[in-house]
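S.K.: My file is input.cif. It has mmCIF, C-alpha atoms:
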```cif
data_protein
loop_
_atom_site.label_atom_id
_atom_site.label_comp_id
_atom_site.auth_asym_id
_atom_site.auth_seq_id
_atom_site.Cartn_x
_atom_site.Cartn_y
_atom_site.Cartn_z
CA MET A 1 144.44 119.71 85.60
CA LYS A 2 143.77 119.79 89.31
CA THR A 3 140.21 120.93 89.85
CA ALA A 4 137.71 121.43 92.65
CA ILE A 5 133.98 121.85 93.07
CA LEU A 6 132.30 123.35 96.10
CA TYR A 7 129.76 121.18 97.92
CA GLY A 8 126.92 122.43 100.10
CA GLY A 9 125.65 119.08 101.38
CA VAL A 10 122.30 119.36 99.56
CA SER A 11 120.67 116.36 97.95
CA TYR A 12 120.77 117.50 94.34
CA GLN A 13 124.54 117.75 94.62
CA HIS A 14 124.83 114.29 96.14
CA TYR A 15 122.88 112.88 93.22
CA PHE A 16 124.92 115.03 90.80
CA PHE A 17 128.01 113.23 92.06
CA THR A 18 126.51 109.74 92.18
CA ARG A 19 124.28 109.48 89.09
CA LYS A 20 125.59 107.66 85.98
CA GLU A 21 128.33 105.77 87.84
CA GLY A 22 129.57 108.96 89.43
CA LYS A 23 130.90 110.47 86.20
CA TYR A 24 130.97 113.99 87.64
CA ARG A 25 132.52 112.92 90.94
CA GLN A 26 135.36 111.43 88.96
CA ARG A 27 135.64 114.46 86.71
CA PHE A 28 136.89 116.81 89.44
CA THR A 29 139.89 116.24 91.69
CA ASP A 30 138.38 117.45 94.96
CA MET A 31 135.06 118.34 96.53
CA ILE A 32 135.29 121.22 99.00
CA TYR A 33 132.56 121.20 101.62
CA ILE A 34 131.33 124.76 102.11
CA LEU A 35 132.18 124.79 105.83
CA ASP A 36 135.76 123.76 104.98
CA LEU A 37 136.29 126.43 102.34
CA HIS A 38 137.89 128.92 104.75
CA GLN A 39 140.71 126.48 105.47
CA THR A 40 141.27 125.44 101.85
CA GLU A 41 144.13 126.82 99.79
CA LEU A 42 142.48 127.44 96.42
CA ARG A 43 145.73 128.26 94.67
CA GLN A 44 146.45 124.54 94.23
CA TYR A 45 143.56 124.25 91.74
CA ASP A 46 143.53 125.18 88.07
CA TYR A 47 139.86 125.99 88.40
CA VAL A 48 137.18 125.96 91.08
CA ILE A 49 133.51 125.38 90.33
CA VAL A 50 130.85 127.18 92.31
CA PRO A 51 127.68 125.18 91.67
CA THR A 52 124.06 126.25 91.58
CA ARG A 53 122.05 127.06 94.70
CA LEU A 54 124.76 127.52 97.28
CA ASN A 55 124.02 129.92 100.11
CA GLN A 56 124.81 133.36 98.68
CA ASP A 57 125.54 134.93 102.08
CA MET A 58 128.00 132.19 102.94
CA LEU A 59 129.69 132.67 99.57
CA CYS A 60 129.94 136.41 100.36
CA GLU A 61 132.02 135.51 103.41
CA HIS A 62 134.54 134.10 100.94
CA SER A 63 134.50 136.95 98.41
CA GLU A 64 138.00 138.05 99.36
CA GLN A 65 139.27 134.47 99.07
CA PHE A 66 137.75 134.20 95.59
CA ARG A 67 139.16 137.58 94.53
CA HIS A 68 142.61 136.63 95.79
CA TYR A 69 142.45 133.29 93.95
CA LEU A 70 141.44 135.01 90.70
CA ASP A 71 144.17 137.64 91.08
CA GLN A 72 146.70 134.85 91.48
CA GLY A 73 145.60 133.40 88.14
CA GLY A 74 143.06 130.80 89.29
CA HIS A 75 139.86 130.41 87.29
CA ILE A 76 136.30 130.27 88.63
CA ILE A 77 133.41 128.55 86.90
CA SER A 78 130.04 129.54 88.30
CA PHE A 79 126.62 128.07 87.58
CA GLY A 80 123.26 129.62 88.36
CA GLU A 81 122.52 132.68 90.44
CA ILE A 82 125.03 135.29 91.60
CA GLU A 83 122.50 137.27 93.59
CA LYS A 84 125.05 138.84 95.92
CA GLN A 85 128.52 140.25 95.49
CA TRP A 86 130.59 137.17 96.25
CA LEU A 87 132.05 137.36 92.76
CA SER A 88 133.00 140.67 91.24
CA PRO A 89 132.36 142.39 88.95
CA VAL A 90 129.00 140.76 88.20
CA ASN A 91 125.61 142.42 87.72
CA TRP A 92 122.88 139.77 88.16
CA LYS A 93 119.24 140.40 87.32
CA PHE A 94 116.54 137.96 88.35
CA TYR A 95 113.74 137.06 85.94
CA PRO A 96 110.68 134.93 86.72
CA THR A 97 111.42 131.55 85.21
CA ASN A 98 109.56 130.27 82.16
CA PHE A 99 109.60 126.53 82.84
CA TYR A 100 106.77 125.88 80.44
CA TRP A 101 107.63 127.41 77.04
CA TRP A 102 108.36 124.06 75.39
CA VAL A 103 104.86 122.67 76.03
CA ASN A 104 103.34 124.70 73.25
CA GLN A 105 104.09 123.79 69.67
CA GLY A 106 105.96 126.51 67.82
CA ALA A 107 107.16 128.22 71.00
CA ASP A 108 110.84 128.94 71.59
CA LEU A 109 113.14 130.13 74.36
CA PRO A 110 114.94 132.98 72.64
CA LEU A 111 118.71 132.52 73.11
CA TYR A 112 121.33 133.58 70.62
CA PRO A 113 125.06 133.05 70.16
CA VAL A 114 126.95 136.33 69.99
CA ASP A 115 129.30 134.61 67.55
CA ALA A 116 128.08 131.39 65.95
CA GLU A 117 131.72 130.44 65.27
CA HIS A 118 132.66 130.70 68.95
CA PRO A 119 134.56 127.57 70.09
CA LEU A 120 131.77 126.72 72.57
CA PHE A 121 129.38 126.20 69.69
CA GLN A 122 131.75 123.73 68.11
CA LYS A 123 130.94 121.53 71.13
CA ILE A 124 127.28 122.26 71.81
CA SER A 125 124.37 123.69 69.86
CA VAL A 126 122.38 126.67 71.11
CA ASN A 127 119.49 124.25 71.50
CA ASP A 128 121.52 122.29 74.07
CA ALA A 129 121.39 125.40 76.30
CA LYS A 130 117.62 125.84 76.02
CA TRP A 131 115.70 124.64 79.04
CA HIS A 132 115.07 127.72 81.21
CA TYR A 133 117.03 130.35 83.05
CA HIS A 134 116.44 132.20 86.32
CA GLY A 135 118.24 135.43 85.52
CA VAL A 136 120.81 137.18 83.36
CA PHE A 137 124.05 139.09 83.70
CA ARG A 138 123.83 142.69 82.62
CA LEU A 139 127.11 143.70 81.07
CA GLU A 140 127.68 147.43 81.40
CA ALA A 141 129.56 149.34 78.73
CA GLY A 142 133.28 149.01 79.28
CA THR A 143 132.93 145.82 81.24
CA GLY A 144 135.64 143.24 80.85
CA ALA A 145 133.19 140.43 80.27
CA GLU A 146 132.61 138.91 76.85
CA PRO A 147 129.05 137.70 76.25
CA VAL A 148 128.85 134.28 74.61
CA LEU A 149 125.13 133.44 74.75
CA VAL A 150 122.46 136.12 75.16
CA ASN A 151 118.71 136.50 75.37
CA GLU A 152 116.42 138.59 73.15
CA LEU A 153 117.59 141.82 74.82
CA GLY A 154 121.26 140.97 74.54
CA GLU A 155 121.57 140.19 78.25
CA ALA A 156 124.14 137.52 78.98
CA ILE A 157 123.27 133.91 79.81
CA ILE A 158 126.87 132.79 79.36
CA CYS A 159 129.88 135.09 79.53
CA VAL A 160 133.57 135.00 80.27
CA ASP A 161 135.55 137.76 81.96
CA ARG A 162 139.27 137.63 81.12
CA GLN A 163 139.97 141.26 82.01
CA SER A 164 139.03 141.94 85.62
CA HIS A 165 141.50 139.51 87.19
CA LYS A 166 144.55 137.52 86.19
CA GLY A 167 142.38 134.38 86.09
CA ASN A 168 139.14 134.04 84.16
CA MET A 169 135.55 133.97 85.39
CA TYR A 170 133.32 131.65 83.34
CA ILE A 171 129.83 132.44 84.48
CA THR A 172 126.46 131.21 83.30
CA THR A 173 123.01 131.71 84.75
CA LEU A 174 122.13 128.19 83.58
CA ASP A 175 121.85 125.41 86.17
CA PRO A 176 122.76 122.12 84.41
CA ASP A 177 124.33 120.66 87.57
CA TYR A 178 121.02 121.00 89.45
CA HIS A 179 119.01 119.29 86.73
CA PHE A 180 121.53 116.51 86.20
CA GLY A 181 121.36 115.80 89.92
CA GLN A 182 117.59 115.88 89.93
CA GLY A 183 117.55 113.52 86.97
CA PHE A 184 115.48 115.43 84.49
CA ILE A 185 116.11 117.53 81.37
CA PRO A 186 118.54 115.09 79.69
CA LYS A 187 120.11 117.75 77.46
CA VAL A 188 121.86 119.31 80.47
CA GLU A 189 124.42 116.49 80.34
CA THR A 190 125.27 117.32 76.72
CA PHE A 191 125.52 120.97 77.68
CA LEU A 192 127.70 120.33 80.72
CA ASP A 193 130.14 118.03 78.95
CA GLY A 194 130.57 120.46 76.05
CA TYR A 195 130.72 123.53 78.26
CA LEU A 196 133.39 122.11 80.57
CA ALA A 197 135.39 120.82 77.60
CA TRP A 198 135.35 124.30 76.04
CA ILE A 199 136.42 125.94 79.32
CA GLU A 200 139.27 123.50 79.88
CA GLU A 201 140.52 124.06 76.32
CA ASP A 202 140.21 127.81 76.82
CA ILE A 203 142.21 127.64 80.05
CA MET A 204 144.88 125.47 78.44
CA GLN A 205 145.10 127.83 75.47
CA GLY A 206 145.46 130.79 77.83
CA SER A 207 148.22 129.00 79.70
CA ARG A 208 150.14 128.36 76.48
CA LEU A 209 149.78 131.99 75.41
CA ASN A 210 151.10 133.17 78.76
CA LYS A 211 154.20 131.01 78.53
CA MET B 1 89.74 125.44 118.74
CA THR B 2 93.27 124.19 118.11
CA THR B 3 96.01 126.42 119.46
CA PRO B 4 98.63 127.42 116.86
CA ILE B 5 102.06 126.17 117.83
CA LYS B 6 105.43 127.65 117.07
CA ILE B 7 106.99 126.19 113.94
CA ALA B 8 110.63 126.53 112.92
CA PHE B 9 111.67 126.39 109.27
CA LEU B 10 115.18 125.00 109.15
CA ASP B 11 117.25 126.63 106.43
CA SER B 12 120.77 126.43 105.09
CA TYR B 13 120.13 128.73 102.12
CA SER B 14 120.28 132.53 102.04
CA ASP B 15 117.53 134.55 103.65
CA SER B 16 115.56 136.83 101.28
CA PRO B 17 112.05 138.30 100.89
CA SER B 18 111.18 135.69 98.26
CA ARG B 19 111.71 132.69 100.53
CA VAL B 20 108.68 130.54 101.24
CA TYR B 21 108.62 131.24 104.98
CA ARG B 22 108.12 134.94 104.14
CA HIS B 23 105.14 134.25 101.86
CA GLU B 24 101.95 135.95 103.01
CA LEU B 25 100.23 132.60 103.59
CA TYR B 26 102.92 131.41 106.01
CA CYS B 27 104.90 134.34 107.40
CA ASN B 28 102.85 134.60 110.58
CA ARG B 29 103.37 130.89 111.33
CA LEU B 30 106.93 130.04 110.29
CA GLU B 31 110.15 131.26 111.88
CA ARG B 32 113.38 130.72 109.99
CA MET B 33 116.12 128.97 111.92
CA PHE B 34 119.52 129.04 110.27
CA LEU B 35 120.71 125.44 110.19
CA TYR B 36 124.22 126.22 111.33
CA ASP B 37 122.81 127.91 114.46
CA MET B 38 120.65 124.91 115.38
CA THR B 39 121.06 123.50 118.86
CA ILE B 40 118.65 121.54 121.02
CA ASP B 41 118.29 124.63 123.25
CA ARG B 42 117.36 126.83 120.29
CA LEU B 43 114.80 124.24 119.18
CA ALA B 44 113.16 124.23 122.63
CA PRO B 45 110.43 126.87 121.98
CA TYR B 46 109.12 125.09 118.89
CA GLY B 47 106.53 122.37 118.62
CA ALA B 48 107.41 121.52 115.05
CA LEU B 49 110.32 121.73 112.69
CA ILE B 50 110.04 121.88 108.89
CA VAL B 51 113.03 120.75 106.84
CA PRO B 52 113.03 121.73 103.14
CA ASN B 53 114.69 119.75 100.36
CA ASN B 54 117.50 122.22 99.69
CA ILE B 55 119.17 121.60 103.06
CA ASP B 56 122.73 120.69 104.05
CA GLU B 57 122.26 117.03 105.00
CA GLU B 58 125.92 116.62 105.92
CA PHE B 59 125.40 119.07 108.77
CA LEU B 60 122.05 117.54 109.67
CA TYR B 61 123.66 114.12 109.85
CA GLN B 62 126.39 115.44 112.15
CA HIS B 63 123.64 116.91 114.36
CA ARG B 64 121.13 114.08 114.02
CA ASP B 65 121.03 113.70 117.81
CA SER B 66 119.30 117.10 118.04
CA ILE B 67 116.61 115.94 115.62
CA ALA B 68 116.17 112.66 117.51
CA GLN B 69 116.00 114.44 120.86
CA PHE B 70 113.45 116.94 119.51
CA LEU B 71 111.26 114.05 118.43
CA GLU B 72 111.67 112.17 121.71
CA GLN B 73 110.19 115.23 123.39
CA GLY B 74 106.96 114.45 121.52
CA ARG B 75 107.38 117.11 118.86
CA ILE B 76 106.88 117.05 115.10
CA VAL B 77 109.42 116.97 112.28
CA VAL B 78 108.20 117.56 108.73
CA SER B 79 110.77 116.81 106.03
CA PHE B 80 110.61 117.39 102.28
CA ALA B 81 114.20 116.24 101.79
CA GLN B 82 115.33 113.69 99.23
CA LEU B 83 117.35 112.09 102.02
CA PHE B 84 120.74 110.64 101.14
CA LEU B 85 121.99 110.49 104.73
CA PRO B 86 120.24 108.86 107.71
CA TRP B 87 119.53 111.88 109.91
CA LEU B 88 115.76 111.29 110.17
CA PRO B 89 114.76 108.44 112.52
CA GLY B 90 113.11 105.51 110.76
CA ASN B 91 113.75 106.80 107.25
CA SER B 92 115.56 104.47 104.85
CA LEU B 93 116.57 107.20 102.34
CA TRP B 94 115.05 108.53 99.15
CA ILE B 95 114.81 106.30 96.09
CA ARG B 96 114.54 107.70 92.57
CA SER B 97 111.46 106.41 90.77
CA SER B 98 112.28 104.14 87.86
CA LEU B 99 109.16 105.33 86.06
CA ASP B 100 109.46 107.91 83.34
CA THR B 101 107.91 111.23 84.39
CA ASN B 102 105.09 110.83 81.90
CA ALA B 103 104.34 107.31 83.13
CA ARG B 104 104.33 108.24 86.81
CA THR B 105 101.32 109.69 88.55
CA ILE B 106 101.02 110.79 92.16
CA LEU B 107 97.57 109.62 93.19
CA ALA B 108 95.15 112.08 94.72
CA HIS B 109 94.11 111.37 98.32
CA ASP B 110 91.08 113.51 98.96
CA GLU B 111 90.23 111.69 102.21
CA HIS B 112 93.46 112.78 103.85
CA PRO B 113 93.45 116.13 105.68
CA LEU B 114 96.74 117.16 104.07
CA PHE B 115 95.44 116.62 100.54
CA ARG B 116 91.71 117.33 100.83
CA GLY B 117 90.45 119.14 97.74
CA VAL B 118 93.75 118.79 95.87
CA THR B 119 93.14 117.33 92.43
CA GLU B 120 95.31 114.69 90.81
CA TYR B 121 96.00 117.04 87.91
CA ASP B 122 97.29 119.76 90.23
CA LEU B 123 99.46 117.28 92.16
CA ASN B 124 101.11 116.21 88.94
CA TYR B 125 101.01 119.12 86.52
CA ARG B 126 101.92 122.75 86.60
CA ARG B 127 100.85 124.56 83.43
CA GLY B 128 101.01 121.30 81.53
CA VAL B 129 104.45 120.28 82.83
CA LYS B 130 104.72 117.16 84.98
CA GLY B 131 107.27 116.20 87.62
CA PHE B 132 107.77 119.25 89.82
CA PHE B 133 106.14 117.65 92.87
CA SER B 134 108.10 114.44 93.37
CA ARG B 135 110.62 112.32 91.50
CA GLY B 136 111.05 109.54 94.03
CA TYR B 137 109.68 107.59 96.94
CA PHE B 138 110.45 106.03 100.33
CA GLU B 139 110.18 102.55 101.78
CA ALA B 140 107.92 103.57 104.63
CA PRO B 141 108.80 102.55 108.21
CA ALA B 142 106.74 99.80 109.81
CA HIS B 143 103.26 100.91 110.91
CA ALA B 144 103.56 104.29 109.18
CA GLU B 145 100.43 105.95 107.84
CA ILE B 146 100.74 106.37 104.09
CA ALA B 147 99.40 109.76 103.09
CA LEU B 148 100.30 109.69 99.41
CA TRP B 149 101.23 107.00 96.89
CA ASP B 150 102.24 106.93 93.28
CA ASN B 151 100.67 104.74 90.60
CA SER B 152 103.23 101.96 91.17
CA GLY B 153 102.19 101.70 94.81
CA GLN B 154 105.28 103.44 96.19
CA THR B 155 105.10 105.75 99.19
CA VAL B 156 105.42 109.44 98.40
CA VAL B 157 104.41 110.88 101.81
CA TYR B 158 104.22 108.99 105.10
CA ILE B 159 103.47 109.81 108.73
CA ASP B 160 105.41 107.86 111.35
CA ARG B 161 104.09 107.93 114.93
CA HIS B 162 105.93 104.79 116.07
CA THR B 163 109.68 105.16 115.56
CA THR B 164 109.94 107.99 118.12
CA ARG B 165 107.71 109.54 120.78
CA GLY B 166 106.97 112.37 118.36
CA THR B 167 105.56 112.47 114.83
CA ILE B 168 107.51 112.44 111.58
CA LEU B 169 105.94 113.51 108.31
CA ALA B 170 108.29 112.71 105.42
CA GLY B 171 107.66 113.61 101.81
CA ALA B 172 109.90 112.32 99.04
CA GLY B 173 110.97 115.74 97.81
CA THR B 174 107.39 116.97 98.04
CA ASP B 175 107.43 120.61 99.05
CA LEU B 176 103.94 120.94 100.49
CA LEU B 177 104.50 124.62 101.26
CA ALA B 178 105.93 125.95 98.00
CA TYR B 179 104.73 123.60 95.29
CA GLY B 180 101.32 125.17 94.87
CA LEU B 181 102.25 128.83 95.20
CA SER B 182 103.14 129.64 91.60
CA ASP B 183 99.52 129.42 90.39
CA THR B 184 95.96 129.61 91.68
CA THR B 185 95.34 125.88 91.63
CA THR B 186 94.04 123.45 94.24
CA ALA B 187 97.67 122.62 95.10
CA ARG B 188 97.77 125.90 97.06
CA ARG B 189 95.64 124.21 99.70
CA MET B 190 98.46 121.90 100.76
CA GLY B 191 100.51 124.48 102.64
CA GLN B 192 97.68 125.75 104.80
CA GLN B 193 96.39 122.23 105.34
CA LEU B 194 99.86 121.20 106.48
CA LEU B 195 99.96 123.98 109.09
CA ALA B 196 96.50 123.04 110.36
CA TRP B 197 97.54 119.38 110.49
CA ILE B 198 100.67 120.27 112.51
CA ASP B 199 98.56 122.13 115.07
CA ARG B 200 96.11 119.25 115.42
CA GLU B 201 98.85 116.64 115.57
CA TYR B 202 100.80 118.52 118.22
CA ASN B 203 97.78 119.08 120.41
CA PHE B 204 96.73 115.47 119.96
CA VAL B 205 100.14 114.21 121.09
CA PHE B 206 100.14 116.46 124.14
CA THR B 207 96.54 115.87 125.18
CA THR B 208 96.79 112.10 125.05
CA SER B 209 99.05 109.80 126.95
CA ILE B 210 99.59 107.45 124.04
CA ARG B 211 103.29 108.11 123.78
CA SER B 212 103.97 109.73 127.13
#
```
Written as structure tokens, that's how I'd like the structure from this file.

M.R.:
Amino acid sequence: MKTAILYGGVSYQHYFFTRKEGKYRQRFTDMIYILDLHQTELRQYDYVIVPTRLNQDMLCEHSEQFRHYLDQGGHIISFGEIEKQWLSPVNWKFYPTNFYWWVNQGADLPLYPVDAEHPLFQKISVNDAKWHYHGVFRLEAGTGAEPVLVNELGEAIICVDRQSHKGNMYITTLDPDYHFGQGFIPKVETFLDGYLAWIEEDIMQGSRLNK
Amino acid sequence: MTTPIKIAFLDSYSDSPSRVYRHELYCNRLERMFLYDMTIDRLAPYGALIVPNNIDEEFLYQHRDSIAQFLEQGRIVVSFAQLFLPWLPGNSLWIRSSLDTNARTILAHDEHPLFRGVTEYDLNYRRGVKGFFSRGYFEAPAHAEIALWDNSGQTVVYIDRHTTRGTILAGAGTDLLAYGLSDTTTARRMGQQLLAWIDREYNFVFTTSIRS
């Protein structure tokens, strides 16, 4: 696979790429600096990752580029917030973040698999996804998105949209890339490795079905 | 009475009502400057520049001459960045602490005007969770004033009045403006004490001939 990840020049991303002998720098073919995105032909990549905490307004300037890429069959993997309409259709809702739930014995962060047999949960446990989240995706009736992991109200924390474009959108409100870069919450590495492995298998499976 | 000076908050993230420079404690003092619009001419009206951690350091590095020139004019740069590129004069880049979060403590410094009345608990814990404030340290430049240490003797915040004709305050990821805002703890004092310190520092530099 030829893959790319966007890069905003912020420190957490630098440390994301350099921690643990640079395992995540080596995992993706190219880094695309955000100011170079306009002159990058995305079609060459099997998937493009949009990491956590990139400037949402600057991403909006590329919404047409993303839409075109998806309509050509490219896949987008997005982490963290989608506060503005740079990716469509997505309905983000912010929630104040509960960073502290795990301090108290007996407390839990309520997250549930929609289908416990889903291939993602062959690679990670639900517990691997439990640190905190900053928002959810609200999936309206008739939406093309399939929820994979939800909160106590059924709002999506992880979902995949295979309907709206020729390519897929794998979107999660979780921010494992940020926390790996910052060097805390060790379980994010387990999550990230399993999550990316599931997505790559899903993409490969889709490619075989389309042949 | 110290005259308030104009302070720019340099930003490469999206503007929104929830950003720290729009908080009620700071909105009348901080003016957002979009990083990609920064030029030495646009910096001219400001006496101080605050650089948050979530900033595009690649762009800052390409435009490091503007930062250096701003400082050579006797002005103040406050940085909370975990620097990985050398855009800040005298700084030798952020180093991740080898101490486990639970073993590391940022030591209180009640005698310092930036940290007066800020307890050690509030510097280190937020609702029982440790590690939000800082995960690393700097090797401070020669002759720098150390404003905050950790329990292994490493520098967490320093003030450098020697590398340039201006003043540099560098914190190792320590967001003195935002860290304390989520609760009513003594950590909330840091933001206002930082703004008062900037005013005093600026007026001190311009009313003395030490570095002129």

S.K.: Just so the selection is clear, what residues does the PyMOL selection byres ((chain B) within 7 of (chain A)) cover here, as a list in words?

M.R.: Ser12, Tyr13, Ser14, Asn54, Ile55, Asp56, Glu57, Glu58, Gln82, Leu83, Phe84, Arg127, Gly128 and Val129 of chain B

S.K.: Please, what distance in Å, to one decimal, runs between CA of Val114 (chain A) and CA of Asn210 (chain A)?

M.R.: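 Taking CA of Val114 (chain A) and CA of Asn210 (chain A), their separation equals 25.9 Å.
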
S.K.: Tell me which residues the PyMOL selection byres ((chain A and resi 165) around 9) grabs here, as a short mmCIF file (atom, residue, chain, number, x, y, z; two decimals) with C-alpha atoms, in the frame of the given file.

M.R.:
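Resulting contents of part08.cif:
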```cif
data_model
loop_
_atom_site.label_atom_id
_atom_site.label_comp_id
_atom_site.auth_asym_id
_atom_site.auth_seq_id
_atom_site.Cartn_x
_atom_site.Cartn_y
_atom_site.Cartn_z
CA ARG A 67 139.16 137.58 94.53
CA LEU A 70 141.44 135.01 90.70
CA ASP A 71 144.17 137.64 91.08
CA GLN A 72 146.70 134.85 91.48
CA GLY A 73 145.60 133.40 88.14
CA ASP A 161 135.55 137.76 81.96
CA ARG A 162 139.27 137.63 81.12
CA GLN A 163 139.97 141.26 82.01
CA SER A 164 139.03 141.94 85.62
CA LYS A 166 144.55 137.52 86.19
CA GLY A 167 142.38 134.38 86.09
CA ASN A 168 139.14 134.04 84.16
CA MET A 169 135.55 133.97 85.39
#
```

S.K.: Run the PyMOL selection byres ((chain B and resi 168) around 6) mentally over the shown coordinates, then write out the matched residues as a PDB file with C-alpha atoms, in the frame of the given file, using the chain letters and numbers from the document.

M.R.:
```
ATOM      1  CA  ILE B  76     106.880 117.050 115.100  1.00  0.00           C
ATOM      2  CA  VAL B  77     109.420 116.970 112.280  1.00  0.00           C
ATOM      3  CA  VAL B  78     108.200 117.560 108.730  1.00  0.00           C
ATOM      4  CA  ILE B 159     103.470 109.810 108.730  1.00  0.00           C
ATOM      5  CA  ASP B 160     105.410 107.860 111.350  1.00  0.00           C
ATOM      6  CA  THR B 167     105.560 112.470 114.830  1.00  0.00           C
ATOM      7  CA  LEU B 169     105.940 113.510 108.310  1.00  0.00           C
TER       8      LEU B 169
END
```

S.K.: Considering all atoms listed in the file, return as a PyMOL selection string whatever protein or nucleic-acid residues lie within 10 Å of region 133-143 of chain A, sequence-local ones (same chain, fewer than 3 positions apart) excluded.

M.R.: chain A and resi 80-83+89-99+109+129-130+146-147+150-151+154-159+161+163-164+171-175

S.K.: Would you compute the distance between CA of Ile40 (chain B) and CA of Phe70 (chain B)? Give it in Å to one decimal.

M.R.: 7.1 Å

S.K.: Using CA of Gln154 (chain B) and CA of Gly136 (chain B) as the two end points, give the distance in Å to one decimal.

M.R.: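 Spanning CA of Gln154 (chain B) to CA of Gly136 (chain B) is a straight-line distance of 8.7 Å.
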
S.K.: What's around Thr2 (chain B) at 10 Å? Count only C-alpha atoms, leave out sequence neighbours fewer than 6 positions away in its own chain, and write the answer as a ChimeraX atom specification.

M.R.: /B:196-197,199-204

S.K.: Name the closest residue to Asp128 (chain A) among the candidates A:Ile49, A:Met31, A:Leu192, A:Ala197; distances are taken between atoms, counting all atoms listed in the file.

M.R.: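 Checking each candidate against Asp128 (chain A), we get A:Leu192 as the closest.
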
S.K.: Go through A:Val126, A:Val188, A:Leu37, A:Ile77 and flag the residue nearest Ile203 (chain A), using all atoms listed in the file for the distances.

M.R.: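 Among the listed residues, A:Ile77 lies closest to Ile203 (chain A).
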
S.K.: Just want the 10 Å neighbourhood of His38 (chain A), counted on only C-alpha atoms, with same-chain residues fewer than 6 positions away dropped. Output as JSON, numbers by chain.

M.R.: {"A": [32, 61, 62, 65]}

S.K.: B:Ala44, B:Leu25, B:Leu71, B:Leu49: which is nearest Arg188 (chain B), counting all atoms listed in the file?

M.R.: B:Leu25
